[in-house]
Amino acid sequence: MKTNTDQAFQRCLAPDCGATYDIGEVLTACKSCGGLLDIAYDWDQLPVPKTLREFEKKWSRRNEPLCRSGVWRFHDLLPFAPPEKIVTIGEGQTILAPSDGVAKYIGLNPGQLFLQYEGMNPSGSFKDNGMTAAFTHAHTIGAKRAACASTGNTSASLALYCGVSKLMQAVIFIGSGKISYGKLSQALDYGALTLQIAGDFDDAMLRVRQVSEQLGIYLVNSVNPFRLEGQKTIMYRVLEGLDWEVPDWIVVPGGNLGNSSAFGKAFMELKELGLIDRVPRLGIINAAGANTLYQLFEVNGQRWNDGDIDRGAAANYYEELDKSHRRASTIASAIEINRPVNYQKCLRALDICDGVVREVTDQQILDAKAQVGAHGLGCEPASAASVAGAKMLSAEGVIAPSDRVVCILTGHQLKDPTATVAYHTTDQDEFNRVLGSRGVQRAEFANRAVAVANDLQEIVQAIQLNS
């Protein structure tokens, strides 16, 4: 595999700036204007495949670590790192699963819904796609410590890469009471230095950026442009699963907006390279309790506008959040974020993909989650926002029954078992404690355990009555 790092560079997202930086610099913002950075490539000088189908050849070499990885087998489309520096743990071996049962729930025709199940990654979430890329860059520049703020999945992923590779120490910032035990247990088990601060994710994000700058620690949150390069590959695998045909819709949960930003960049590049002839539409789904993108895009009318973004609108919105002391609050903890760091990149993705944004309640999220689970793929609450949002868009007529739709399931069911058990429980007090306080009033699709005496005949009778 050829090394092409001299044809890769960092570039400011703002068109009126466009400053560029060497791939070896560690930056989370443009030094000139403070804007977000892209990883860009001199594609004319790179060996770009003539068709996406050429990537299928990698399967015959899957005994090689980079070909086995669902990220690095697409190295030609993210050629920023020399192969010998790449750190992979077999991430990206995920599935695109058709689901007629969930399609019916959404309102789609049979054969038209696919669930991209990123919960099959080594740490149980999509974060490994981006972490292998950011961690690889950190290794390339010789970092000894790496840090992140997290609602749980990023911390689990970073801790895993540090634990497996032993290349650097993981330093993790989490908010008090803002992480599920399923995710926290991973960070602790994998040996990360975990700091639990008083505050939420937005507070943790502010502090980790300050600390990383002061102590020279490598920051791996999705403000890091290399993270999004890895997350592009989720879309490559979606296309691979559809025999390289572009779907009509990609629907994804919106938290820090890294995935949606990466997806937009992936399709922009593929179209520019002539590897696809059209792009899908993009649906980004906020939780109603963490709906910054929905408010700014759908309510206030913010748009990419060729990069000429009204930055004051977001600043005013955040100022109002502070004045009203409004904190993000949703059962979907992975997207419980009020200040998404990739907001500007996400506006670009919405522009590229003619996208829409919706907000769904925790009730809608948990009902959708139960339907996903009932049809064989368990996911964490945030994942189910994509299904709840697709159902909403279908009811509105924005998504047609005949459209081919891909919903991204970002994390495994066991990331947050407390929410799952509370939804299905017969214990009303537990339901009220975990879910009732968040406005969830019913469990329409609950699969409740049947209490039965330790008696053979009563057990047999219970099975017969419930079969």
# chains A, B, ... in the order shown; residues from 1 in each chain; ligands from 1
>>> residues_around(residues="A:Ala462", least_positions_apart="5", cutoff="9 Å", atoms="only C-alpha atoms", output="PyMOL selection string")
chain A and resi 450-452+457+467
>>> residues_around(residues="stretch 310-315 of chain A", least_positions_apart="5", cutoff="10 Å", atoms="only C-alpha atoms", output="ChimeraX atom specification")
/A:292-293,295-296,300-305,320-321,339,343-344
>>> residues_around(residues="A:Phe9", least_positions_apart="2", cutoff="9 Å", atoms="only C-alpha atoms", output="VMD selection string")
chain A and resid 5 to 7 11 20 to 24 38 to 42 80
>>> residues_around(residues="stretch 107-116 of chain A", least_positions_apart="4", cutoff="8 Å", atoms="only C-alpha atoms", output="PDB file with N, CA, C and O atoms, in the first residue's frame")
ATOM      1  N   THR A  94     -18.870  -4.477  10.569  1.00  0.00           N
ATOM      2  CA  THR A  94     -20.276  -4.293  10.932  1.00  0.00           C
ATOM      3  C   THR A  94     -21.183  -4.766   9.803  1.00  0.00           C
ATOM      4  O   THR A  94     -20.720  -5.076   8.708  1.00  0.00           O
ATOM      5  N   ILE A  95     -22.475  -4.797  10.079  1.00  0.00           N
ATOM      6  CA  ILE A  95     -23.413  -5.341   9.098  1.00  0.00           C
ATOM      7  C   ILE A  95     -24.463  -4.304   8.696  1.00  0.00           C
ATOM      8  O   ILE A  95     -24.811  -3.417   9.466  1.00  0.00           O
ATOM      9  N   LEU A  96     -24.922  -4.440   7.471  1.00  0.00           N
ATOM     10  CA  LEU A  96     -26.074  -3.691   6.978  1.00  0.00           C
ATOM     11  C   LEU A  96     -27.216  -4.693   6.884  1.00  0.00           C
ATOM     12  O   LEU A  96     -27.236  -5.543   5.992  1.00  0.00           O
ATOM     13  N   ALA A  97     -28.153  -4.604   7.822  1.00  0.00           N
ATOM     14  CA  ALA A  97     -29.180  -5.633   7.960  1.00  0.00           C
ATOM     15  C   ALA A  97     -30.528  -5.146   7.442  1.00  0.00           C
ATOM     16  O   ALA A  97     -31.048  -4.135   7.922  1.00  0.00           O
ATOM     17  N   PRO A  98     -31.130  -5.843   6.469  1.00  0.00           N
ATOM     18  CA  PRO A  98     -32.498  -5.495   6.070  1.00  0.00           C
ATOM     19  C   PRO A  98     -33.465  -5.845   7.191  1.00  0.00           C
ATOM     20  O   PRO A  98     -33.252  -6.806   7.932  1.00  0.00           O
ATOM     21  N   SER A  99     -34.519  -5.050   7.359  1.00  0.00           N
ATOM     22  CA  SER A  99     -35.487  -5.321   8.424  1.00  0.00           C
ATOM     23  C   SER A  99     -36.889  -4.931   7.965  1.00  0.00           C
ATOM     24  O   SER A  99     -37.282  -3.766   8.057  1.00  0.00           O
ATOM     25  N   ASP A 100     -37.629  -5.900   7.488  1.00  0.00           N
ATOM     26  CA  ASP A 100     -39.000  -5.622   7.058  1.00  0.00           C
ATOM     27  C   ASP A 100     -39.909  -5.320   8.241  1.00  0.00           C
ATOM     28  O   ASP A 100     -40.878  -4.561   8.118  1.00  0.00           O
ATOM     29  N   VAL A 102     -39.124  -3.645  11.081  1.00  0.00           N
ATOM     30  CA  VAL A 102     -38.954  -2.241  11.442  1.00  0.00           C
ATOM     31  C   VAL A 102     -39.445  -1.345  10.300  1.00  0.00           C
ATOM     32  O   VAL A 102     -39.971  -0.260  10.534  1.00  0.00           O
ATOM     33  N   ALA A 103     -39.304  -1.808   9.058  1.00  0.00           N
ATOM     34  CA  ALA A 103     -39.814  -1.045   7.906  1.00  0.00           C
ATOM     35  C   ALA A 103     -41.323  -0.825   8.036  1.00  0.00           C
ATOM     36  O   ALA A 103     -41.830   0.278   7.788  1.00  0.00           O
ATOM     37  N   VAL A 238     -21.874   1.081   3.987  1.00  0.00           N
ATOM     38  CA  VAL A 238     -23.289   1.089   3.583  1.00  0.00           C
ATOM     39  C   VAL A 238     -23.395   0.854   2.079  1.00  0.00           C
ATOM     40  O   VAL A 238     -24.185   0.016   1.610  1.00  0.00           O
ATOM     41  N   LYS A 391     -39.571   7.268  11.108  1.00  0.00           N
ATOM     42  CA  LYS A 391     -41.021   7.085  11.224  1.00  0.00           C
ATOM     43  C   LYS A 391     -41.730   8.440  11.117  1.00  0.00           C
ATOM     44  O   LYS A 391     -42.769   8.561  10.443  1.00  0.00           O
ATOM     45  N   SER A 394     -41.575   9.664   7.559  1.00  0.00           N
ATOM     46  CA  SER A 394     -42.504   8.872   6.750  1.00  0.00           C
ATOM     47  C   SER A 394     -43.938   9.359   6.944  1.00  0.00           C
ATOM     48  O   SER A 394     -44.696   9.527   5.982  1.00  0.00           O
ATOM     49  N   ALA A 395     -44.323   9.608   8.199  1.00  0.00           N
ATOM     50  CA  ALA A 395     -45.681  10.097   8.486  1.00  0.00           C
ATOM     51  C   ALA A 395     -45.920  11.460   7.856  1.00  0.00           C
ATOM     52  O   ALA A 395     -47.049  11.774   7.443  1.00  0.00           O
ATOM     53  N   ALA A 400     -40.886   8.641   1.258  1.00  0.00           N
ATOM     54  CA  ALA A 400     -41.953   7.871   0.597  1.00  0.00           C
ATOM     55  C   ALA A 400     -41.837   6.392   0.965  1.00  0.00           C
ATOM     56  O   ALA A 400     -40.731   5.915   1.264  1.00  0.00           O
ATOM     57  N   PRO A 401     -42.953   5.655   0.952  1.00  0.00           N
ATOM     58  CA  PRO A 401     -42.900   4.225   1.276  1.00  0.00           C
ATOM     59  C   PRO A 401     -41.949   3.438   0.377  1.00  0.00           C
ATOM     60  O   PRO A 401     -41.395   2.425   0.794  1.00  0.00           O
ATOM     61  N   SER A 402     -41.754   3.915  -0.843  1.00  0.00           N
ATOM     62  CA  SER A 402     -40.892   3.212  -1.797  1.00  0.00           C
ATOM     63  C   SER A 402     -39.432   3.620  -1.717  1.00  0.00           C
ATOM     64  O   SER A 402     -38.584   3.049  -2.405  1.00  0.00           O
ATOM     65  N   ASP A 403     -39.099   4.610  -0.878  1.00  0.00           N
ATOM     66  CA  ASP A 403     -37.712   5.051  -0.749  1.00  0.00           C
ATOM     67  C   ASP A 403     -36.863   3.970  -0.084  1.00  0.00           C
ATOM     68  O   ASP A 403     -37.323   3.262   0.821  1.00  0.00           O
ATOM     69  N   ARG A 404     -35.622   3.868  -0.538  1.00  0.00           N
ATOM     70  CA  ARG A 404     -34.664   2.976   0.120  1.00  0.00           C
ATOM     71  C   ARG A 404     -33.973   3.776   1.220  1.00  0.00           C
ATOM     72  O   ARG A 404     -33.297   4.766   0.954  1.00  0.00           O
ATOM     73  N   VAL A 405     -34.139   3.318   2.466  1.00  0.00           N
ATOM     74  CA  VAL A 405     -33.710   4.077   3.640  1.00  0.00           C
ATOM     75  C   VAL A 405     -32.710   3.265   4.454  1.00  0.00           C
ATOM     76  O   VAL A 405     -32.913   2.068   4.685  1.00  0.00           O
ATOM     77  N   VAL A 406     -31.646   3.932   4.896  1.00  0.00           N
ATOM     78  CA  VAL A 406     -30.672   3.332   5.812  1.00  0.00           C
ATOM     79  C   VAL A 406     -30.696   4.120   7.117  1.00  0.00           C
ATOM     80  O   VAL A 406     -30.447   5.326   7.127  1.00  0.00           O
ATOM     81  N   CYS A 407     -31.021   3.442   8.211  1.00  0.00           N
ATOM     82  CA  CYS A 407     -30.957   4.047   9.540  1.00  0.00           C
ATOM     83  C   CYS A 407     -29.679   3.560  10.230  1.00  0.00           C
ATOM     84  O   CYS A 407     -29.381   2.364  10.223  1.00  0.00           O
ATOM     85  N   ILE A 408     -28.937   4.502  10.800  1.00  0.00           N
ATOM     86  CA  ILE A 408     -27.689   4.158  11.472  1.00  0.00           C
ATOM     87  C   ILE A 408     -27.967   3.831  12.934  1.00  0.00           C
ATOM     88  O   ILE A 408     -28.495   4.661  13.676  1.00  0.00           O
ATOM     89  N   LEU A 409     -27.630   2.617  13.332  1.00  0.00           N
ATOM     90  CA  LEU A 409     -27.703   2.217  14.738  1.00  0.00           C
ATOM     91  C   LEU A 409     -26.297   2.367  15.306  1.00  0.00           C
ATOM     92  O   LEU A 409     -25.399   1.576  15.013  1.00  0.00           O
TER      93      LEU A 409
END
>>> select_by_dssp(residues="stretch 74-296 of chain A", states="strand (DSSP E)", output="number ranges by chain")
A: 95-98, 113-117, 145-150, 169-175, 193-197, 218-219, 249-253, 281-287
>>> atom_distance(atom1="atom CA of A:Pro225", atom2="atom CA of A:Cys162")
19.5 Å
>>> atom_distance(atom1="atom CA of A:Phe226", atom2="atom CA of A:Ala29")
12.3 Å
>>> closest_residue(among="A:Leu219, A:Ala262, A:Met120, A:Val372", to="A:Lys104", atoms="only C-alpha atoms")
A:Val372
>>> residues_around(residues="A:Ser150", least_positions_apart="4", cutoff="9 Å", atoms="only C-alpha atoms", output="PyMOL selection string")
chain A and resi 154-156+172-175+179+201+204-205+221+334
>>> write_last_selection(atoms="N, CA, C and O atoms", output="PDB file, in the first residue's frame")
ATOM      1  N   THR A 154     -17.227   7.562  23.399  1.00  0.00           N
ATOM      2  CA  THR A 154     -15.888   7.992  23.012  1.00  0.00           C
ATOM      3  C   THR A 154     -14.866   7.541  24.048  1.00  0.00           C
ATOM      4  O   THR A 154     -13.770   7.082  23.707  1.00  0.00           O
ATOM      5  N   SER A 155     -15.213   7.663  25.314  1.00  0.00           N
ATOM      6  CA  SER A 155     -14.291   7.255  26.378  1.00  0.00           C
ATOM      7  C   SER A 155     -14.021   5.754  26.320  1.00  0.00           C
ATOM      8  O   SER A 155     -12.876   5.316  26.494  1.00  0.00           O
ATOM      9  N   ALA A 156     -15.057   4.971  26.060  1.00  0.00           N
ATOM     10  CA  ALA A 156     -14.869   3.521  25.961  1.00  0.00           C
ATOM     11  C   ALA A 156     -13.941   3.177  24.806  1.00  0.00           C
ATOM     12  O   ALA A 156     -13.053   2.321  24.918  1.00  0.00           O
ATOM     13  N   ILE A 172      -9.809  10.725  30.503  1.00  0.00           N
ATOM     14  CA  ILE A 172     -11.213  10.851  30.129  1.00  0.00           C
ATOM     15  C   ILE A 172     -11.942  11.794  31.066  1.00  0.00           C
ATOM     16  O   ILE A 172     -11.819  11.684  32.292  1.00  0.00           O
ATOM     17  N   PHE A 173     -12.708  12.718  30.495  1.00  0.00           N
ATOM     18  CA  PHE A 173     -13.538  13.651  31.245  1.00  0.00           C
ATOM     19  C   PHE A 173     -15.003  13.273  31.047  1.00  0.00           C
ATOM     20  O   PHE A 173     -15.487  13.224  29.911  1.00  0.00           O
ATOM     21  N   ILE A 174     -15.720  13.032  32.130  1.00  0.00           N
ATOM     22  CA  ILE A 174     -17.159  12.777  32.050  1.00  0.00           C
ATOM     23  C   ILE A 174     -17.883  13.718  33.006  1.00  0.00           C
ATOM     24  O   ILE A 174     -17.318  14.175  33.986  1.00  0.00           O
ATOM     25  N   GLY A 175     -19.150  13.987  32.698  1.00  0.00           N
ATOM     26  CA  GLY A 175     -19.960  14.808  33.573  1.00  0.00           C
ATOM     27  C   GLY A 175     -20.549  13.987  34.707  1.00  0.00           C
ATOM     28  O   GLY A 175     -20.700  12.768  34.593  1.00  0.00           O
ATOM     29  N   ILE A 179     -23.435   9.506  32.504  1.00  0.00           N
ATOM     30  CA  ILE A 179     -22.880   8.392  31.749  1.00  0.00           C
ATOM     31  C   ILE A 179     -23.511   7.104  32.259  1.00  0.00           C
ATOM     32  O   ILE A 179     -23.704   6.929  33.459  1.00  0.00           O
ATOM     33  N   PHE A 201     -21.833  17.227  29.635  1.00  0.00           N
ATOM     34  CA  PHE A 201     -20.862  17.021  28.566  1.00  0.00           C
ATOM     35  C   PHE A 201     -20.268  18.340  28.077  1.00  0.00           C
ATOM     36  O   PHE A 201     -19.059  18.421  27.812  1.00  0.00           O
ATOM     37  N   ALA A 204     -17.610  19.351  30.354  1.00  0.00           N
ATOM     38  CA  ALA A 204     -16.451  18.468  30.204  1.00  0.00           C
ATOM     39  C   ALA A 204     -15.681  18.787  28.930  1.00  0.00           C
ATOM     40  O   ALA A 204     -14.444  18.753  28.908  1.00  0.00           O
ATOM     41  N   MET A 205     -16.413  19.126  27.860  1.00  0.00           N
ATOM     42  CA  MET A 205     -15.770  19.444  26.592  1.00  0.00           C
ATOM     43  C   MET A 205     -14.925  20.712  26.714  1.00  0.00           C
ATOM     44  O   MET A 205     -13.789  20.779  26.215  1.00  0.00           O
ATOM     45  N   ASN A 221     -11.593  14.093  20.648  1.00  0.00           N
ATOM     46  CA  ASN A 221     -13.003  14.381  20.374  1.00  0.00           C
ATOM     47  C   ASN A 221     -13.187  14.725  18.899  1.00  0.00           C
ATOM     48  O   ASN A 221     -12.223  15.025  18.186  1.00  0.00           O
ATOM     49  N   ALA A 334     -26.133   9.370  24.735  1.00  0.00           N
ATOM     50  CA  ALA A 334     -25.058   9.533  23.751  1.00  0.00           C
ATOM     51  C   ALA A 334     -25.228  10.789  22.906  1.00  0.00           C
ATOM     52  O   ALA A 334     -24.270  11.273  22.313  1.00  0.00           O
TER      53      ALA A 334
END
>>> closest_residue(among="A:Gly258, A:Pro49, A:Gly92, A:Gly389", to="A:Arg227", atoms="only C-alpha atoms")
A:Gly258
>>> closest_residue(among="A:Arg281, A:His137, A:Lys232, A:Arg326", to="A:Tyr218", atoms="only C-alpha atoms")
A:His137
>>> residues_around(residues="stretch 428-435 of chain A", least_positions_apart="4", cutoff="9 Å", atoms="only C-alpha atoms", output="PDB file with N, CA, C and O atoms, in the first residue's frame")
ATOM      1  N   ILE A 331     -33.045  10.608  27.695  1.00  0.00           N
ATOM      2  CA  ILE A 331     -32.654   9.229  28.014  1.00  0.00           C
ATOM      3  C   ILE A 331     -31.585   8.753  27.043  1.00  0.00           C
ATOM      4  O   ILE A 331     -30.796   7.865  27.356  1.00  0.00           O
ATOM      5  N   ASP A 362     -38.328  11.333  24.062  1.00  0.00           N
ATOM      6  CA  ASP A 362     -37.814  10.096  24.657  1.00  0.00           C
ATOM      7  C   ASP A 362     -38.823   8.961  24.525  1.00  0.00           C
ATOM      8  O   ASP A 362     -38.440   7.793  24.377  1.00  0.00           O
ATOM      9  N   GLN A 363     -40.108   9.282  24.580  1.00  0.00           N
ATOM     10  CA  GLN A 363     -41.131   8.259  24.369  1.00  0.00           C
ATOM     11  C   GLN A 363     -41.002   7.641  22.981  1.00  0.00           C
ATOM     12  O   GLN A 363     -41.009   6.409  22.817  1.00  0.00           O
ATOM     13  N   THR A 418     -29.916  -0.235  31.564  1.00  0.00           N
ATOM     14  CA  THR A 418     -30.873   0.286  32.547  1.00  0.00           C
ATOM     15  C   THR A 418     -32.136   0.782  31.865  1.00  0.00           C
ATOM     16  O   THR A 418     -33.260   0.511  32.318  1.00  0.00           O
ATOM     17  N   ALA A 419     -31.986   1.511  30.770  1.00  0.00           N
ATOM     18  CA  ALA A 419     -33.146   2.038  30.052  1.00  0.00           C
ATOM     19  C   ALA A 419     -33.985   0.909  29.474  1.00  0.00           C
ATOM     20  O   ALA A 419     -35.224   0.959  29.488  1.00  0.00           O
ATOM     21  N   VAL A 421     -34.232  -2.293  30.522  1.00  0.00           N
ATOM     22  CA  VAL A 421     -34.942  -3.032  31.569  1.00  0.00           C
ATOM     23  C   VAL A 421     -36.092  -2.202  32.127  1.00  0.00           C
ATOM     24  O   VAL A 421     -37.195  -2.719  32.364  1.00  0.00           O
ATOM     25  N   ALA A 422     -35.882  -0.909  32.301  1.00  0.00           N
ATOM     26  CA  ALA A 422     -36.940  -0.042  32.835  1.00  0.00           C
ATOM     27  C   ALA A 422     -38.142   0.000  31.895  1.00  0.00           C
ATOM     28  O   ALA A 422     -39.293   0.050  32.348  1.00  0.00           O
ATOM     29  N   TYR A 423     -37.900  -0.010  30.599  1.00  0.00           N
ATOM     30  CA  TYR A 423     -39.005   0.028  29.620  1.00  0.00           C
ATOM     31  C   TYR A 423     -39.847  -1.249  29.702  1.00  0.00           C
ATOM     32  O   TYR A 423     -41.074  -1.209  29.616  1.00  0.00           O
ATOM     33  N   HIS A 424     -39.185  -2.378  29.883  1.00  0.00           N
ATOM     34  CA  HIS A 424     -39.887  -3.672  29.850  1.00  0.00           C
ATOM     35  C   HIS A 424     -40.330  -4.160  31.232  1.00  0.00           C
ATOM     36  O   HIS A 424     -41.017  -5.177  31.333  1.00  0.00           O
ATOM     37  N   GLY A 439     -40.597  12.094  31.007  1.00  0.00           N
ATOM     38  CA  GLY A 439     -41.804  12.272  30.217  1.00  0.00           C
ATOM     39  C   GLY A 439     -42.294  11.022  29.519  1.00  0.00           C
ATOM     40  O   GLY A 439     -43.242  11.083  28.722  1.00  0.00           O
ATOM     41  N   VAL A 440     -41.678   9.892  29.792  1.00  0.00           N
ATOM     42  CA  VAL A 440     -42.135   8.637  29.196  1.00  0.00           C
ATOM     43  C   VAL A 440     -43.293   8.108  30.040  1.00  0.00           C
ATOM     44  O   VAL A 440     -43.146   7.876  31.239  1.00  0.00           O
ATOM     45  N   GLN A 441     -44.440   7.924  29.412  1.00  0.00           N
ATOM     46  CA  GLN A 441     -45.652   7.582  30.154  1.00  0.00           C
ATOM     47  C   GLN A 441     -46.122   6.153  29.943  1.00  0.00           C
ATOM     48  O   GLN A 441     -46.929   5.647  30.716  1.00  0.00           O
TER      49      GLN A 441
END
>>> atom_distance(atom1="atom CA of A:Cys17", atom2="atom CA of A:Leu347")
17.5 Å
>>> closest_residue(among="A:His375, A:Ile106, A:Gly411, A:Ala147", to="A:Met392", atoms="only C-alpha atoms")
A:Ile106
>>> select_by_dssp(residues="stretch 214-366 of chain A", states="alpha helix (DSSP H)", output="count of residues only")
64
>>> closest_residue(among="A:Lys85, A:Lys144, A:Arg448, A:Arg327", to="A:Ile217", atoms="only C-alpha atoms")
A:Lys144
>>> closest_residue(among="A:Glu118, A:Phe55, A:Ile337, A:Thr233", to="A:Ala149", atoms="only C-alpha atoms")
A:Ile337
>>> residues_around(residues="stretch 61-76 of chain A", least_positions_apart="2", cutoff="10 Å", atoms="only C-alpha atoms", output="VMD selection string")
chain A and resid 1 to 4 43 46 to 49 52 55 to 59 78 to 84 86 to 94 121 128 to 130 132 to 133 229 to 234 236 to 237
>>> decode(residues="stretch 181-209 of chain A", atoms="C-alpha atoms", output="CSV table (one decimal), in the first residue's frame")
chain,number,residue,atom,x,y,z
A,181,TYR,CA,-22.8,2.2,33.8
A,182,GLY,CA,-22.4,0.1,30.7
A,183,LYS,CA,-20.1,2.7,29.2
A,184,LEU,CA,-18.4,3.8,32.4
A,185,SER,CA,-17.5,0.2,33.1
A,186,GLN,CA,-15.6,0.0,29.8
A,187,ALA,CA,-13.5,3.0,30.5
A,188,LEU,CA,-12.6,1.8,34.0
A,189,ASP,CA,-12.0,-1.8,32.9
A,190,TYR,CA,-9.7,-0.7,30.1
A,191,GLY,CA,-7.5,1.2,32.5
A,192,ALA,CA,-8.2,4.9,31.6
A,193,LEU,CA,-7.6,7.8,34.0
A,194,THR,CA,-11.2,8.9,34.5
A,195,LEU,CA,-12.1,12.4,35.8
A,196,GLN,CA,-15.7,13.0,36.7
A,197,ILE,CA,-16.3,16.7,36.9
A,198,ALA,CA,-19.3,18.6,38.3
A,199,GLY,CA,-21.3,19.4,35.1
A,200,ASP,CA,-22.5,17.9,31.9
A,201,PHE,CA,-20.9,17.0,28.6
A,202,ASP,CA,-20.6,20.6,27.4
A,203,ASP,CA,-18.7,21.5,30.6
A,204,ALA,CA,-16.5,18.5,30.2
A,205,MET,CA,-15.8,19.4,26.6
A,206,LEU,CA,-14.7,22.9,27.6
A,207,ARG,CA,-12.3,21.6,30.3
A,208,VAL,CA,-10.8,18.9,28.2
A,209,ARG,CA,-9.9,21.4,25.5
